[in-house]
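Novice: Next up, data-v2.pdb (PDB, C-alpha atoms).
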ATOM      1  CA  MET A 834       0.000   0.000   0.000  1.00  0.00           C
ATOM      2  CA  ALA A 835       2.839   2.402   0.809  1.00  0.00           C
ATOM      3  CA  PHE A 836       4.293   1.883  -2.648  1.00  0.00           C
ATOM      4  CA  TYR A 837       1.040   2.724  -4.430  1.00  0.00           C
ATOM      5  CA  ALA A 838       0.421   5.701  -2.150  1.00  0.00           C
ATOM      6  CA  ASN A 839       3.643   7.271  -3.439  1.00  0.00           C
ATOM      7  CA  GLN A 840       2.908   6.761  -7.137  1.00  0.00           C
ATOM      8  CA  LEU A 841       1.833   9.562  -9.442  1.00  0.00           C
ATOM      9  CA  THR A 842      -1.461   9.212 -11.261  1.00  0.00           C
ATOM     10  CA  LYS A 843       0.151  11.171 -14.128  1.00  0.00           C
ATOM     11  CA  PRO A 844       3.376  13.137 -14.646  1.00  0.00           C
ATOM     12  CA  ILE A 845       3.624  16.506 -12.887  1.00  0.00           C
ATOM     13  CA  PHE A 846       5.543  19.690 -13.632  1.00  0.00           C
ATOM     14  CA  PRO A 847       7.119  21.894 -10.964  1.00  0.00           C
ATOM     15  CA  ASN A 848       6.337  25.584 -11.430  1.00  0.00           C
ATOM     16  CA  HIS A 849       8.380  27.372 -14.075  1.00  0.00           C
ATOM     17  CA  TYR A 850       8.525  31.169 -13.884  1.00  0.00           C
ATOM     18  CA  TYR A 851      10.035  32.343 -17.157  1.00  0.00           C
ATOM     19  CA  ASP A 852      10.121  35.849 -18.612  1.00  0.00           C
ATOM     20  CA  LEU A 853      12.166  36.025 -21.791  1.00  0.00           C
ATOM     21  CA  ALA A 854      12.667  38.366 -24.712  1.00  0.00           C
ATOM     22  CA  VAL A 855      12.350  36.921 -28.202  1.00  0.00           C
ATOM     23  CA  TYR A 856      14.408  38.858 -30.753  1.00  0.00           C
ATOM     24  CA  ASN A 857      12.909  39.075 -34.251  1.00  0.00           C
ATOM     25  CA  ASN A 858      10.923  35.840 -33.798  1.00  0.00           C
ATOM     26  CA  SER A 859      14.150  33.947 -33.036  1.00  0.00           C
ATOM     27  CA  PHE A 860      12.983  31.866 -30.085  1.00  0.00           C
ATOM     28  CA  PRO A 861      15.354  30.465 -27.463  1.00  0.00           C
ATOM     29  CA  ASN A 862      15.242  26.822 -26.454  1.00  0.00           C
ATOM     30  CA  LEU A 863      13.279  26.305 -23.259  1.00  0.00           C
ATOM     31  CA  ASP A 864      13.745  23.608 -20.623  1.00  0.00           C
ATOM     32  CA  PHE A 865      10.754  22.213 -18.756  1.00  0.00           C
ATOM     33  CA  TYR A 866      11.182  19.780 -15.862  1.00  0.00           C
ATOM     34  CA  TYR A 867       8.716  17.046 -14.930  1.00  0.00           C
ATOM     35  CA  LEU A 868       8.315  14.068 -12.608  1.00  0.00           C
ATOM     36  CA  VAL A 869       7.339  10.545 -13.684  1.00  0.00           C
ATOM     37  CA  ASN A 870       6.989   7.290 -11.769  1.00  0.00           C
ATOM     38  CA  ARG A 871      10.244   5.386 -11.406  1.00  0.00           C
ATOM     39  CA  ARG A 872       8.674   2.054 -12.354  1.00  0.00           C
ATOM     40  CA  LYS A 873       6.926   3.561 -15.350  1.00  0.00           C
ATOM     41  CA  PRO A 874       9.348   6.047 -16.897  1.00  0.00           C
ATOM     42  CA  MET A 875       8.137   7.975 -19.915  1.00  0.00           C
ATOM     43  CA  ASP A 876       9.208  10.948 -22.005  1.00  0.00           C
ATOM     44  CA  LEU A 877       7.427  14.132 -22.963  1.00  0.00           C
ATOM     45  CA  VAL A 878       6.777  13.963 -26.718  1.00  0.00           C
ATOM     46  CA  ASP A 879       4.440  16.892 -27.413  1.00  0.00           C
ATOM     47  CA  PHE A 880       3.849  20.299 -25.827  1.00  0.00           C
ATOM     48  CA  ALA A 881       1.336  22.886 -27.045  1.00  0.00           C
ATOM     49  CA  ILE A 882      -0.169  26.079 -25.637  1.00  0.00           C
ATOM     50  CA  PRO A 883      -3.957  26.306 -25.910  1.00  0.00           C
ATOM     51  CA  GLY A 884      -4.972  29.169 -28.175  1.00  0.00           C
ATOM     52  CA  HIS A 885      -1.465  29.859 -29.503  1.00  0.00           C
ATOM     53  CA  THR A 886      -0.971  28.462 -32.998  1.00  0.00           C
ATOM     54  CA  GLU A 887       1.514  31.168 -34.004  1.00  0.00           C
ATOM     55  CA  ILE A 888       4.415  29.040 -32.770  1.00  0.00           C
ATOM     56  CA  ARG A 889       5.263  25.349 -32.805  1.00  0.00           C
ATOM     57  CA  TRP A 890       6.862  23.548 -29.884  1.00  0.00           C
ATOM     58  CA  GLN A 891       9.205  20.719 -30.788  1.00  0.00           C
ATOM     59  CA  VAL A 892      10.521  18.424 -28.053  1.00  0.00           C
ATOM     60  CA  VAL A 893      14.105  17.899 -29.184  1.00  0.00           C
ATOM     61  CA  HIS A 894      15.559  16.126 -26.138  1.00  0.00           C
ATOM     62  CA  ASN A 895      14.610  14.384 -22.882  1.00  0.00           C
ATOM     63  CA  GLU A 896      17.072  13.502 -20.145  1.00  0.00           C
ATOM     64  CA  THR A 897      17.056  12.209 -16.583  1.00  0.00           C
ATOM     65  CA  VAL A 898      18.084  14.840 -14.029  1.00  0.00           C
ATOM     66  CA  GLU A 899      17.775  12.849 -10.801  1.00  0.00           C
ATOM     67  CA  THR A 900      16.282   9.595  -9.558  1.00  0.00           C
ATOM     68  CA  PHE A 901      14.361   9.422  -6.279  1.00  0.00           C
ATOM     69  CA  SER A 902      12.792   6.514  -4.376  1.00  0.00           C
ATOM     70  CA  HIS A 903       9.532   6.556  -6.310  1.00  0.00           C
ATOM     71  CA  GLN A 904       9.922   9.215  -9.023  1.00  0.00           C
ATOM     72  CA  ILE A 905      12.354  10.379 -11.679  1.00  0.00           C
ATOM     73  CA  LEU A 906      12.945  14.072 -12.346  1.00  0.00           C
ATOM     74  CA  LYS A 907      13.379  14.619 -16.077  1.00  0.00           C
ATOM     75  CA  LYS A 908      14.074  17.596 -18.306  1.00  0.00           C
ATOM     76  CA  ALA A 909      12.629  18.225 -21.754  1.00  0.00           C
ATOM     77  CA  THR A 910      14.329  20.710 -24.061  1.00  0.00           C
ATOM     78  CA  LEU A 911      11.883  22.414 -26.396  1.00  0.00           C
ATOM     79  CA  ASN A 912      12.666  24.260 -29.592  1.00  0.00           C
ATOM     80  CA  LEU A 913      10.189  27.001 -30.432  1.00  0.00           C
ATOM     81  CA  VAL A 914       9.614  27.819 -34.076  1.00  0.00           C
ATOM     82  CA  ALA A 915       7.595  30.819 -35.227  1.00  0.00           C
ATOM     83  CA  ASN A 916       4.894  30.336 -37.857  1.00  0.00           C
ATOM     84  CA  PRO A 917       6.399  31.931 -41.009  1.00  0.00           C
ATOM     85  CA  VAL A 918       2.960  32.628 -42.449  1.00  0.00           C
ATOM     86  CA  HIS A 919       1.878  34.676 -39.432  1.00  0.00           C
ATOM     87  CA  PRO A 920       5.028  36.206 -37.884  1.00  0.00           C
ATOM     88  CA  LEU A 921       4.627  37.757 -34.478  1.00  0.00           C
ATOM     89  CA  ARG A 922       5.043  41.517 -34.371  1.00  0.00           C
ATOM     90  CA  PRO A 923       7.331  43.309 -31.921  1.00  0.00           C
ATOM     91  CA  GLY A 924       5.329  44.297 -28.874  1.00  0.00           C
ATOM     92  CA  THR A 925       3.412  41.008 -28.847  1.00  0.00           C
ATOM     93  CA  GLU A 926       3.519  38.975 -25.645  1.00  0.00           C
ATOM     94  CA  ILE A 927       2.698  35.306 -25.298  1.00  0.00           C
ATOM     95  CA  ALA A 928       1.671  34.397 -21.756  1.00  0.00           C
ATOM     96  CA  PHE A 929       0.515  31.039 -20.459  1.00  0.00           C
ATOM     97  CA  GLN A 930       0.175  28.985 -17.291  1.00  0.00           C
ATOM     98  CA  GLU A 931      -0.850  25.602 -18.757  1.00  0.00           C
ATOM     99  CA  ALA A 932       0.189  23.353 -21.606  1.00  0.00           C
ATOM    100  CA  ASP A 933      -1.409  20.483 -23.493  1.00  0.00           C
ATOM    101  CA  VAL A 934       1.114  17.683 -23.058  1.00  0.00           C
ATOM    102  CA  ILE A 935       1.467  14.174 -24.483  1.00  0.00           C
ATOM    103  CA  PHE A 936       3.848  11.525 -23.142  1.00  0.00           C
ATOM    104  CA  SER A 937       5.408   8.497 -24.791  1.00  0.00           C
ATOM    105  CA  ASP A 938       2.771   6.129 -23.344  1.00  0.00           C
ATOM    106  CA  ASN A 939       0.096   8.361 -24.966  1.00  0.00           C
ATOM    107  CA  THR A 940      -0.921   9.958 -21.645  1.00  0.00           C
ATOM    108  CA  LYS A 941      -2.550  13.312 -22.505  1.00  0.00           C
ATOM    109  CA  PHE A 942      -3.702  16.103 -20.214  1.00  0.00           C
ATOM    110  CA  LEU A 943      -3.668  19.868 -19.577  1.00  0.00           C
ATOM    111  CA  ALA A 944      -0.751  20.465 -17.211  1.00  0.00           C
ATOM    112  CA  PRO A 945      -0.176  23.490 -14.951  1.00  0.00           C
ATOM    113  CA  ILE A 946       3.443  24.583 -15.487  1.00  0.00           C
ATOM    114  CA  GLY A 947       3.761  27.948 -13.663  1.00  0.00           C
ATOM    115  CA  GLN A 948       3.828  31.296 -15.506  1.00  0.00           C
ATOM    116  CA  VAL A 949       5.681  31.919 -18.748  1.00  0.00           C
ATOM    117  CA  TYR A 950       5.963  35.235 -20.608  1.00  0.00           C
ATOM    118  CA  LEU A 951       7.590  35.548 -24.027  1.00  0.00           C
ATOM    119  CA  ALA A 952       7.928  39.154 -25.208  1.00  0.00           C
ATOM    120  CA  ILE A 953       8.497  39.615 -28.940  1.00  0.00           C
ATOM    121  CA  ILE A 954      10.898  42.513 -29.536  1.00  0.00           C
ATOM    122  CA  HIS A 955      12.891  43.937 -32.426  1.00  0.00           C
ATOM    123  CA  ALA A 956      16.612  43.341 -32.021  1.00  0.00           C
ATOM    124  CA  PRO A 957      18.054  46.778 -31.264  1.00  0.00           C
ATOM    125  CA  SER A 958      21.216  48.157 -32.809  1.00  0.00           C
ATOM    126  CA  GLY A 959      23.621  50.671 -31.366  1.00  0.00           C
ATOM    127  CA  LEU A 960      22.753  50.047 -27.722  1.00  0.00           C
ATOM    128  CA  PRO A 961      24.450  52.438 -25.271  1.00  0.00           C
ATOM    129  CA  LEU A 962      25.790  49.484 -23.245  1.00  0.00           C
ATOM    130  CA  ARG A 963      27.665  46.432 -24.467  1.00  0.00           C
ATOM    131  CA  TRP A 964      28.104  43.096 -22.744  1.00  0.00           C
ATOM    132  CA  SER A 965      31.725  42.547 -21.712  1.00  0.00           C
ATOM    133  CA  SER A 966      31.495  39.242 -19.840  1.00  0.00           C
ATOM    134  CA  ALA A 967      29.067  37.119 -17.867  1.00  0.00           C
ATOM    135  CA  GLY A 968      29.020  34.074 -15.620  1.00  0.00           C
ATOM    136  CA  SER A 969      26.989  32.038 -13.152  1.00  0.00           C
ATOM    137  CA  SER A 970      27.580  29.417 -10.480  1.00  0.00           C
ATOM    138  CA  THR A 971      25.825  26.406  -8.998  1.00  0.00           C
ATOM    139  CA  GLY A 972      24.997  28.585  -5.979  1.00  0.00           C
ATOM    140  CA  ASN A 973      22.277  30.298  -8.030  1.00  0.00           C
ATOM    141  CA  THR A 974      24.344  33.454  -8.420  1.00  0.00           C
ATOM    142  CA  GLY A 975      25.471  35.184 -11.575  1.00  0.00           C
ATOM    143  CA  TYR A 976      26.746  38.410 -13.031  1.00  0.00           C
ATOM    144  CA  THR A 977      27.022  40.449 -16.207  1.00  0.00           C
ATOM    145  CA  VAL A 978      29.715  43.057 -16.841  1.00  0.00           C
ATOM    146  CA  LEU A 979      28.533  45.920 -19.054  1.00  0.00           C
ATOM    147  CA  GLN A 980      30.487  48.810 -20.548  1.00  0.00           C
ATOM    148  CA  ALA A 981      29.160  52.173 -21.696  1.00  0.00           C
ATOM    149  CA  ASN A 982      29.495  53.084 -25.367  1.00  0.00           C
ATOM    150  CA  HIS A 983      28.419  56.658 -24.523  1.00  0.00           C
ATOM    151  CA  LYS A 984      27.785  58.705 -21.441  1.00  0.00           C
ATOM    152  CA  VAL A 985      24.552  57.316 -19.993  1.00  0.00           C
ATOM    153  CA  GLU A 986      22.335  57.280 -16.935  1.00  0.00           C
ATOM    154  CA  ILE A 987      21.082  53.970 -15.572  1.00  0.00           C
ATOM    155  CA  SER A 988      17.747  54.947 -14.105  1.00  0.00           C
ATOM    156  CA  ALA A 989      16.123  51.671 -13.035  1.00  0.00           C
ATOM    157  CA  PHE A 990      16.334  47.894 -12.994  1.00  0.00           C
ATOM    158  CA  SER A 991      13.188  45.773 -13.063  1.00  0.00           C
ATOM    159  CA  TYR A 992      12.109  42.216 -13.685  1.00  0.00           C
ATOM    160  CA  HIS A 993       9.021  40.055 -13.808  1.00  0.00           C
ATOM    161  CA  PHE A 994       8.003  38.309 -10.555  1.00  0.00           C
ATOM    162  CA  GLN A 995       9.711  41.075  -8.534  1.00  0.00           C
ATOM    163  CA  ASP A 996       6.847  41.293  -6.019  1.00  0.00           C
ATOM    164  CA  GLN A 997       6.739  37.531  -5.666  1.00  0.00           C
ATOM    165  CA  LEU A 998      10.463  37.075  -5.081  1.00  0.00           C
ATOM    166  CA  ALA A 999      11.004  40.147  -2.879  1.00  0.00           C
ATOM    167  CA  ASP A1000      14.141  39.609  -0.758  1.00  0.00           C
ATOM    168  CA  ASN A1001      14.718  36.132  -2.205  1.00  0.00           C
ATOM    169  CA  LEU A1002      16.421  37.717  -5.227  1.00  0.00           C
ATOM    170  CA  ARG A1003      19.148  40.217  -4.440  1.00  0.00           C
ATOM    171  CA  ILE A1004      20.570  42.560  -7.079  1.00  0.00           C
ATOM    172  CA  MET A1005      24.115  43.943  -6.645  1.00  0.00           C
ATOM    173  CA  LEU A1006      26.163  46.558  -8.475  1.00  0.00           C
ATOM    174  CA  ASP A1007      29.897  45.943  -8.234  1.00  0.00           C
ATOM    175  CA  ASP A1008      29.243  43.554  -5.311  1.00  0.00           C
ATOM    176  CA  THR A1009      27.285  46.067  -3.227  1.00  0.00           C
ATOM    177  CA  PRO A1010      23.491  46.505  -2.901  1.00  0.00           C
ATOM    178  CA  ALA A1011      22.156  48.220  -6.003  1.00  0.00           C
ATOM    179  CA  ARG A1012      21.580  51.964  -5.762  1.00  0.00           C
ATOM    180  CA  LEU A1013      19.961  53.770  -8.678  1.00  0.00           C
ATOM    181  CA  PRO A1014      20.180  55.994 -10.616  1.00  0.00           C
ATOM    182  CA  PHE A1015      23.850  56.375 -11.493  1.00  0.00           C
ATOM    183  CA  THR A1016      25.851  57.790 -14.401  1.00  0.00           C
ATOM    184  CA  LEU A1017      28.533  56.183 -16.554  1.00  0.00           C
ATOM    185  CA  ASN A1018      31.004  57.970 -18.795  1.00  0.00           C
ATOM    186  CA  GLN A1019      32.039  56.476 -22.116  1.00  0.00           C
ATOM    187  CA  GLY A1020      34.238  53.442 -21.487  1.00  0.00           C
ATOM    188  CA  ASP A1021      33.127  52.987 -17.851  1.00  0.00           C
ATOM    189  CA  SER A1022      31.988  49.504 -16.869  1.00  0.00           C
ATOM    190  CA  PHE A1023      30.079  47.926 -13.990  1.00  0.00           C
ATOM    191  CA  LYS A1024      29.141  44.451 -12.805  1.00  0.00           C
ATOM    192  CA  LEU A1025      25.468  43.673 -12.328  1.00  0.00           C
ATOM    193  CA  GLY A1026      25.120  40.636 -10.079  1.00  0.00           C
ATOM    194  CA  TYR A1027      22.210  38.592  -8.770  1.00  0.00           C
ATOM    195  CA  GLN A1028      21.671  35.973  -6.086  1.00  0.00           C
ATOM    196  CA  PHE A1029      18.640  33.787  -5.484  1.00  0.00           C
ATOM    197  CA  ASP A1030      18.485  32.917  -1.804  1.00  0.00           C
ATOM    198  CA  PHE A1031      15.829  30.987   0.113  1.00  0.00           C
ATOM    199  CA  PRO A1032      17.028  30.739   3.732  1.00  0.00           C
ATOM    200  CA  ASP A1033      13.666  29.266   4.736  1.00  0.00           C
ATOM    201  CA  LYS A1034      13.854  25.807   3.192  1.00  0.00           C
ATOM    202  CA  ASN A1035      10.068  25.468   3.587  1.00  0.00           C
ATOM    203  CA  ASN A1036       9.474  28.469   1.338  1.00  0.00           C
ATOM    204  CA  PRO A1037       7.448  27.062  -1.592  1.00  0.00           C
ATOM    205  CA  LEU A1038       9.193  29.499  -3.945  1.00  0.00           C
ATOM    206  CA  ALA A1039      12.400  27.515  -3.458  1.00  0.00           C
ATOM    207  CA  ALA A1040      10.838  24.652  -5.462  1.00  0.00           C
ATOM    208  CA  ASN A1041      10.266  26.814  -8.569  1.00  0.00           C
ATOM    209  CA  TYR A1042      12.406  27.195 -11.663  1.00  0.00           C
ATOM    210  CA  TYR A1043      13.191  30.786 -12.667  1.00  0.00           C
ATOM    211  CA  ARG A1044      14.592  32.159 -15.918  1.00  0.00           C
ATOM    212  CA  ILE A1045      14.239  35.918 -16.118  1.00  0.00           C
ATOM    213  CA  ASP A1046      15.456  38.679 -18.406  1.00  0.00           C
ATOM    214  CA  GLY A1047      16.162  41.617 -16.094  1.00  0.00           C
ATOM    215  CA  LYS A1048      15.656  45.046 -17.663  1.00  0.00           C
ATOM    216  CA  LEU A1049      18.026  48.009 -17.267  1.00  0.00           C
ATOM    217  CA  ASN A1050      16.508  51.362 -18.229  1.00  0.00           C
ATOM    218  CA  VAL A1051      19.201  53.470 -19.899  1.00  0.00           C
ATOM    219  CA  GLN A1052      19.178  57.064 -21.152  1.00  0.00           C
ATOM    220  CA  THR A1053      21.897  58.845 -23.134  1.00  0.00           C
ATOM    221  CA  VAL A1054      22.787  62.536 -22.774  1.00  0.00           C
ATOM    222  CA  ASP A1055      20.748  63.093 -25.943  1.00  0.00           C
ATOM    223  CA  GLY A1056      17.658  61.787 -24.175  1.00  0.00           C
ATOM    224  CA  VAL A1057      17.474  58.514 -26.110  1.00  0.00           C
ATOM    225  CA  ARG A1058      15.953  55.799 -23.930  1.00  0.00           C
ATOM    226  CA  SER A1059      16.535  52.075 -24.314  1.00  0.00           C
ATOM    227  CA  THR A1060      16.314  48.804 -22.407  1.00  0.00           C
ATOM    228  CA  VAL A1061      19.265  46.473 -21.919  1.00  0.00           C
ATOM    229  CA  LEU A1062      18.538  42.881 -20.859  1.00  0.00           C
ATOM    230  CA  THR A1063      20.465  40.623 -18.492  1.00  0.00           C
ATOM    231  CA  ASP A1064      19.861  36.933 -17.798  1.00  0.00           C
ATOM    232  CA  MET A1065      19.019  35.619 -14.305  1.00  0.00           C
ATOM    233  CA  HIS A1066      18.171  31.990 -13.573  1.00  0.00           C
ATOM    234  CA  TYR A1067      17.545  29.640 -10.669  1.00  0.00           C
ATOM    235  CA  GLN A1068      17.323  25.855 -10.499  1.00  0.00           C
ATOM    236  CA  PRO A1069      16.034  24.199  -7.294  1.00  0.00           C
ATOM    237  CA  TYR A1070      17.723  21.296  -5.558  1.00  0.00           C
ATOM    238  CA  PHE A1071      15.189  18.650  -4.571  1.00  0.00           C
ATOM    239  CA  GLN A1072      15.346  16.149  -1.740  1.00  0.00           C
ATOM    240  CA  GLU A1073      12.929  13.275  -1.137  1.00  0.00           C
ATOM    241  CA  VAL A1074      10.729  15.379   1.143  1.00  0.00           C
ATOM    242  CA  ASP A1075      10.498  18.113  -1.518  1.00  0.00           C
ATOM    243  CA  ILE A1076       9.318  15.622  -4.124  1.00  0.00           C
ATOM    244  CA  LYS A1077       6.647  14.328  -1.758  1.00  0.00           C
ATOM    245  CA  GLN A1078       5.413  17.855  -1.017  1.00  0.00           C
ATOM    246  CA  LEU A1079       5.374  18.711  -4.712  1.00  0.00           C
ATOM    247  CA  ARG A1080       3.352  15.603  -5.496  1.00  0.00           C
ATOM    248  CA  LEU A1081       0.843  16.294  -2.708  1.00  0.00           C
ATOM    249  CA  ALA A1082       0.457  19.950  -3.760  1.00  0.00           C
ATOM    250  CA  ARG A1083      -0.184  19.017  -7.382  1.00  0.00           C
ATOM    251  CA  GLU A1084      -2.727  16.345  -6.480  1.00  0.00           C
ATOM    252  CA  LYS A1085      -4.755  18.941  -4.579  1.00  0.00           C
ATOM    253  CA  THR A1086      -5.120  21.132  -7.707  1.00  0.00           C
TER     254      THR A1086
END
If you convert what's in this file into structure tokens, what do you get?

Specialist:
Amino acid sequence: MAFYANQLTKPIFPNHYYDLAVYNNSFPNLDFYYLVNRRKPMDLVDFAIPGHTEIRWQVVHNETVETFSHQILKKATLNLVANPVHPLRPGTEIAFQEADVIFSDNTKFLAPIGQVYLAIIHAPSGLPLRWSSAGSSTGNTGYTVLQANHKVEISAFSYHFQDQLADNLRIMLDDTPARLPFTLNQGDSFKLGYQFDFPDKNNPLAANYYRIDGKLNVQTVDGVRSTVLTDMHYQPYFQEVDIKQLRLAREKT
């Protein structure tokens, strides 16, 4: 009885909170994680968003991330392809919280997957800042070094899910708490860093996946305004108890 009590009735997805820019209909690959029963492993083979036929979702790869007592955590890499007949215009946003999914054993259902925003934008040219270097670590920290092409003012930094994350995502400028606005002369550089931190291990946000394009608001001395994007991402580390809680939470919805 204990074995059957720990089995999934169908695969489940942790929450994914993604907010990404799509340049000129050139979509990035997206990773979605899901749990399947260990004694009945299966792969995600199809993924579609209800009401959105302007893009196709192709599952190009499945892999095992981690094996637990009763479940396997897997990752599906999806390639998004825009419909060439009906290209998406800059300013369009695709937002969804559920996906129609099909697995290799022909299991089909509408799966809650979190909140995903894809903003279609025109690739800018001549940005006032250029990316110098970037990096990230397994501690869910990362940074981007940017250099000014002209004298500019950095007026604000914002990102989706800011209210939700609150103090669990810290933003640093040159390794100190961010203070805005500030001015850069031509050739000046700065390091924009981030750190996801969930000191309360029972915080349900710690079980989410995040992939966010942070937005720097920049203005030149000529008054030209633009937005420069930086990547921030977080991947949870699951233990047995986390998998059990995730399964119980999903079964209640």

Novice: Assuming the chain letters and numbering stay as they are in my file, what does the PyMOL selection byres ((chain A and resi 910) around 9) actually select? List them as a tab-separated table (two decimals) with C-alpha atoms, in the frame of the given file.

Specialist:
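Okay, this is what ended up in selection17.tsv:
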chain	number	residue	atom	x	y	z
A	862	ASN	CA	15.24	26.82	-26.45
A	863	LEU	CA	13.28	26.30	-23.26
A	864	ASP	CA	13.74	23.61	-20.62
A	865	PHE	CA	10.75	22.21	-18.76
A	866	TYR	CA	11.18	19.78	-15.86
A	891	GLN	CA	9.20	20.72	-30.79
A	892	VAL	CA	10.52	18.42	-28.05
A	893	VAL	CA	14.10	17.90	-29.18
A	894	HIS	CA	15.56	16.13	-26.14
A	895	ASN	CA	14.61	14.38	-22.88
A	896	GLU	CA	17.07	13.50	-20.14
A	908	LYS	CA	14.07	17.60	-18.31
A	909	ALA	CA	12.63	18.23	-21.75
A	911	LEU	CA	11.88	22.41	-26.40
A	912	ASN	CA	12.67	24.26	-29.59

Novice: Please list as JSON, numbers by chain every residue within 7 Å of His903 of chain A, counting only C-alpha atoms and excluding residues in the same chain fewer than 3 positions away.

Specialist: {"A": [839, 840, 870, 871]}

Novice: Separation of atom CA of Gly1047 of chain A and atom CA of Gly1026 of chain A, in Å?

Specialist: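 Separation between atom CA of Gly1047 of chain A and atom CA of Gly1026 of chain A: 10.8 Å.
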
Novice: Once the PyMOL selection byres ((chain A and resi 1034) around 12) is applied to the coordinates I shared, what remains selected? I want it as a PyMOL selection string.

Specialist: chain A and resi 1001+1030-1033+1035-1040+1069-1072+1074-1075

Novice: Which one is closest to Ile845 of chain A: A:Asn982, A:Gln997, A:Gln1028, A:Gln904? Count all atoms listed in the file.

Specialist: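 Checking each of A:Asn982, A:Gln997, A:Gln1028, A:Gln904 against Ile845 of chain A, counting all atoms listed in the file, the winner is A:Gln904.
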
Novice: Which polymer residues, protein or nucleic acid, are no farther than 7 Å from (5.2, 36.6, -19.4), counting all atoms listed in the file, as a VMD selection string?

Specialist: chain A and resid 851 to 852 926 to 928 948 to 952

Novice: Go through the shown structure with the PyMOL selection byres ((chain A and resi 917) around 12) and write out the matching residues as a list of chain:residue names.

Specialist: A:Asn857, A:Asn858, A:Ser859, A:Thr886, A:Glu887, A:Ile888, A:Arg889, A:Val914, A:Ala915, A:Asn916, A:Val918, A:His919, A:Pro920, A:Leu921, A:Arg922

Novice: Neighbourhood query: residues within 10 Å of (-2.7, 22.1, -21.6), file coordinates, counting all atoms listed in the file; return as a PDB file with C-alpha atoms, in the coordinates of the input.

Specialist:
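The resulting part_37.pdb:
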ATOM      1  CA  PHE A 880       3.849  20.299 -25.827  1.00  0.00           C
ATOM      2  CA  ALA A 881       1.336  22.886 -27.045  1.00  0.00           C
ATOM      3  CA  ILE A 882      -0.169  26.079 -25.637  1.00  0.00           C
ATOM      4  CA  PRO A 883      -3.957  26.306 -25.910  1.00  0.00           C
ATOM      5  CA  GLY A 884      -4.972  29.169 -28.175  1.00  0.00           C
ATOM      6  CA  PHE A 929       0.515  31.039 -20.459  1.00  0.00           C
ATOM      7  CA  GLN A 930       0.175  28.985 -17.291  1.00  0.00           C
ATOM      8  CA  GLU A 931      -0.850  25.602 -18.757  1.00  0.00           C
ATOM      9  CA  ALA A 932       0.189  23.353 -21.606  1.00  0.00           C
ATOM     10  CA  ASP A 933      -1.409  20.483 -23.493  1.00  0.00           C
ATOM     11  CA  VAL A 934       1.114  17.683 -23.058  1.00  0.00           C
ATOM     12  CA  ILE A 935       1.467  14.174 -24.483  1.00  0.00           C
ATOM     13  CA  LYS A 941      -2.550  13.312 -22.505  1.00  0.00           C
ATOM     14  CA  PHE A 942      -3.702  16.103 -20.214  1.00  0.00           C
ATOM     15  CA  LEU A 943      -3.668  19.868 -19.577  1.00  0.00           C
ATOM     16  CA  ALA A 944      -0.751  20.465 -17.211  1.00  0.00           C
ATOM     17  CA  PRO A 945      -0.176  23.490 -14.951  1.00  0.00           C
ATOM     18  CA  ILE A 946       3.443  24.583 -15.487  1.00  0.00           C
TER      19      ILE A 946
END

Novice: To one decimal place in Å, what is the distance between atom CA of Ser965 of chain A and atom CA of Val978 of chain A?

Specialist: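 Atom-to-atom, atom CA of Ser965 of chain A and atom CA of Val978 of chain A are spaced 5.3 Å apart.
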
Novice: Could you state the separation of atom CA of Pro1010 of chain A and atom CA of Tyr976 of chain A in Å, given to one decimal place?

Specialist: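 It comes out at 13.4 Å.
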
Novice: Would you mind telling me which residue in A:Leu998, A:Asn1041, A:Asp1055, A:Lys1024 lies nearest to Gly968 of chain A when using only C-alpha atoms?

Specialist: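 With only C-alpha atoms as the atom set, the closest residue is A:Lys1024.
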
Novice: I'd like to know which of A:Asn939, A:Asn848, A:Thr1016, A:Ser988 is closest to Arg1044 of chain A, using only C-alpha atoms.

Specialist: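 The closest residue to Arg1044 of chain A is A:Asn848.
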
Novice: Smallest atom-to-atom distance to Ser902 of chain A: which of A:Asp879, A:Asp1008, A:Glu1073, A:Asp996, using only C-alpha atoms?

Specialist: A:Glu1073

Novice: Determine the nearest neighbour of Pro961 of chain A from the options A:Lys843, A:Lys1085, A:Arg1058, A:His885, counting only C-alpha atoms.

Specialist: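 Using only C-alpha atoms, Pro961 of chain A sits closest to A:Arg1058.
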
Novice: Given the choices A:Ala967, A:Ile987, A:Met1065, A:Val898, which gets closest to Leu868 of chain A if the distance is worked out from only C-alpha atoms?

Specialist: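 Of A:Ala967, A:Ile987, A:Met1065, A:Val898, the one nearest Leu868 of chain A is A:Val898, counting only C-alpha atoms.
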
Novice: Please list as an NGL selection string every residue within 7 Å of Leu1049 of chain A, counting only C-alpha atoms and excluding residues in the same chain fewer than 2 positions away.

Specialist: :A and (987 or 989-991 or 1047 or 1051 or 1060-1062)
